[in-house]
Amino acid sequence: MRHAIPNKRADIMKDLFDSVKFGDLKLNSRIVRTGLWESQREQSGNLTPEIYNRYENIAASGVGLIITELISLYPKDSFSKYSHTPHFKQFVREMKDLTDLVHTYDVPIFAQVGFVQFNKKANQNMRVEDISIDDIRKIQTDYIITAKKLDFAGFDGIQIALGNYYFLTRFINPHFNTRDDEYGGSTFNRLKIVLEIIKVIKDNTNLHVNVRLNAFDDQINGMTVDETVEIAKLLEKYGADSIQVTRPRSPQFFTGQNKKNPLIEASEEIISNVNIPVILGGGSSSQNQINKILNTTNIDFISMQRPFVADPSFLVEWYVEGNGESKCRTCNNCYWKKTSTCHVNKSPTLNVD
């Protein structure tokens with residue numbers, strides 16, 4: 001079993017392989033594996049041997065925290081055919097097998113939960129302003145029921161998807177939310193649907209609550225960094241344990257980017273205003289690049305997704321080589337083709353015995 005490795009370079013104050021605290025959790029490194037969506041599943045929704053094998057390779061590699069592929073809250077959501085759903089009968093049992101496997105390597109695991117469309121009978125892909133208070137209560141109830149299932153399944157935390165363009169992302173965004181009731185208008189009112197979910201989850205489960213949050217977007221009258229900071233402060237006040245910073249269409253945004261990641265500045269602004277862990281999302285592809293970010297900013301945690309698709313166990317090589325670079329070529333086929341596999345590199349199988 002691979003355990004946390006002490007910093008080998010005295011000239012670096014922080015190293016990606018540092019053993020660190022993340023709220024009440026202990027991480028074996030500062031790297032967070034974040035998920036996108038799942039495709040290697042049987043028609044019924046069950047986890048396959050390939051899925052278990054991939055998660056074991058990631059857990060054994062030296063990663064600090066694993067966030068799963070998207071678990072779609074609703075079975076008829078636009079991404080549900082690429083994702084797992086809490087509605088299939090063996091969800092808790094199979095996810096318990098998964099969390100037990102990951103925990104063998106002393107790695108915590110969060111479940112990413114979200115949905116893109118809210119559908120009600122003949123009303124499909126409803127707008128934020130068209131859903132009723134009863135609809136809001138249904139969404140909140142479905143999140144809470146799912147959180148209880150995740151708790152039973154042994155997950156260490158839940159990630160509430162408020163990033164990219166998921167439904168709740170649009171709900172808290174003034175560009176999309178034009179409601180004139182208690183769930184529209186001010187930043188607090190637009191966020192209220194989420195704050196109420198968090199409170200009930202914290203009161204009724206042992207889950208760490210992480211929120212994936214857009215730093216900004218390009219919509220007219222949309223989210224700005226200043227408002228995101230206010231949202232982050234409210235999330236902390238009402239019980240969120242950590243935040244992951246992202247932005248809409250993240251994979252396309254980072255493709256071929258050689259300039260400084262603009263999420264770095266936004267993440268630093270959020271970090272300076274809250275006292276909970278903040279994860280920088282995306283854009284990092286080499287060991288030296290990550291250590292430079294860690295030692296020139298106040299960022300302590302960095303998430304990666306596509307490098308783990310290209311090679312689930314790449315961190316092993318990084319530790320051995322000391323100056324590793326991701327095998328990912330940012331072709332984005334794993335994103336466009338809705339797969340969890342690399343179309344350029346064949347992912348090697350790591351012997352974890």
# chains A, B, ... in the order shown; residues from 1 in each chain; ligands from 1
>>> residues_around(residues="Lys199 of chain A", least_positions_apart="2", cutoff="10 Å", atoms="only C-alpha atoms", output="list in words")
Ile144, Val194, Leu195, Glu196, Ile197, Ile201, Lys202, Asp203, Asn204, Val209, Tyr238, Gly239 and Ala240 of chain A
>>> closest_atom_pairs(of="segment 193-228 of chain A", to="segment 89-113 of chain A", cutoff="9 Å", atoms="only C-alpha atoms", output="tab-separated table")
residue	atom	partner	partner_atom	distance
A:Leu207	CA	A:Phe110	CA	8.7
A:His208	CA	A:Phe110	CA	8.1
A:Val209	CA	A:Phe110	CA	8.7
A:Asn210	CA	A:Phe110	CA	8.3
A:Arg212	CA	A:Gln112	CA	8.9
>>> write_last_selection(atoms="C-alpha atoms", output="short mmCIF file (atom, residue, chain, number, x, y, z; two decimals), in the first residue's frame")
data_model
loop_
_atom_site.label_atom_id
_atom_site.label_comp_id
_atom_site.auth_asym_id
_atom_site.auth_seq_id
_atom_site.Cartn_x
_atom_site.Cartn_y
_atom_site.Cartn_z
CA LEU A 207 -20.69 13.75 4.91
CA HIS A 208 -18.16 16.45 4.12
CA VAL A 209 -20.02 18.90 1.84
CA ASN A 210 -17.99 20.21 -1.08
CA ARG A 212 -18.14 22.90 -7.17
#
>>> closest_atom_pairs(of="segment 52-171 of chain A", to="segment 300-321 of chain A", cutoff="12 Å", atoms="only C-alpha atoms", output="Markdown table")
| residue | atom | partner | partner_atom | distance |
| --- | --- | --- | --- | --- |
| A:Tyr52 | CA | A:Pro312 | CA | 11.9 |
| A:Asn53 | CA | A:Pro312 | CA | 9.7 |
| A:Arg54 | CA | A:Pro312 | CA | 6.5 |
| A:Tyr55 | CA | A:Pro312 | CA | 7.9 |
| A:Glu56 | CA | A:Pro312 | CA | 8.9 |
| A:Asn57 | CA | A:Ser313 | CA | 5.6 |
| A:Ile58 | CA | A:Pro312 | CA | 5.1 |
| A:Ala59 | CA | A:Ser313 | CA | 8.4 |
| A:Ala60 | CA | A:Ser313 | CA | 7.4 |
| A:Ser61 | CA | A:Ser313 | CA | 5.0 |
| A:Gly62 | CA | A:Leu315 | CA | 6.1 |
| A:Val63 | CA | A:Leu315 | CA | 7.2 |
| A:Gly64 | CA | A:Phe301 | CA | 9.1 |
| A:Leu65 | CA | A:Ser303 | CA | 9.0 |
| A:Ile66 | CA | A:Ser303 | CA | 9.3 |
| A:Ile67 | CA | A:Ser303 | CA | 9.4 |
| A:Thr68 | CA | A:Gln305 | CA | 10.3 |
| A:Glu69 | CA | A:Gln305 | CA | 9.7 |
>>> select_by_dssp(residues="segment 87-285 of chain A", states="strand (DSSP E)", output="short mmCIF file (atom, residue, chain, number, x, y, z; two decimals) with C-alpha atoms, in the first residue's frame")
data_model
loop_
_atom_site.label_atom_id
_atom_site.label_comp_id
_atom_site.auth_asym_id
_atom_site.auth_seq_id
_atom_site.Cartn_x
_atom_site.Cartn_y
_atom_site.Cartn_z
CA ILE A 109 -13.74 9.73 -1.83
CA PHE A 110 -16.55 12.21 -2.55
CA ALA A 111 -19.58 11.61 -4.78
CA GLN A 112 -20.29 14.31 -7.35
CA VAL A 113 -24.07 14.82 -7.66
CA GLY A 114 -25.86 17.08 -10.11
CA GLY A 157 -18.34 13.54 1.21
CA ILE A 158 -20.74 14.82 -1.41
CA GLN A 159 -19.92 17.37 -4.10
CA ILE A 160 -22.89 19.55 -5.02
CA ALA A 161 -22.55 20.55 -8.68
CA LEU A 162 -22.87 24.34 -8.86
CA HIS A 208 -18.16 16.45 4.12
CA VAL A 209 -20.02 18.90 1.84
CA ASN A 210 -17.99 20.21 -1.08
CA VAL A 211 -19.42 22.67 -3.60
CA ARG A 212 -18.14 22.90 -7.17
CA LEU A 213 -18.53 26.56 -8.08
CA ASN A 214 -17.94 28.67 -11.19
CA SER A 242 -14.86 23.06 1.04
CA ILE A 243 -15.10 24.56 -2.45
CA GLN A 244 -13.79 23.52 -5.85
CA VAL A 245 -13.34 26.38 -8.31
CA THR A 246 -14.17 25.81 -11.97
CA VAL A 278 -10.49 25.77 -1.76
CA ILE A 279 -9.44 23.57 -4.69
CA LEU A 280 -8.11 25.10 -7.90
CA GLY A 281 -9.83 23.30 -10.76
#
>>> select_by_dssp(residues="segment 3-145 of chain A", states="helix (DSSP H, G or I)", output="number ranges by chain")
A: 49-60, 80-82, 91-103, 128-130, 133-145
>>> residues_around(residues="Phe115 of chain A", least_positions_apart="5", cutoff="12 Å", atoms="only C-alpha atoms", output="PyMOL selection string")
chain A and resi 37+70-80+83-85+125+139+142-143+160-171
>>> atom_distance(atom1="atom CA of Ile220 of chain A", atom2="atom CA of Ile299 of chain A")
29.0 Å
>>> closest_residue(among="A:Lys26, A:Arg33, A:Lys192, A:Lys237", to="Gln140 of chain A", atoms="only C-alpha atoms")
A:Lys192
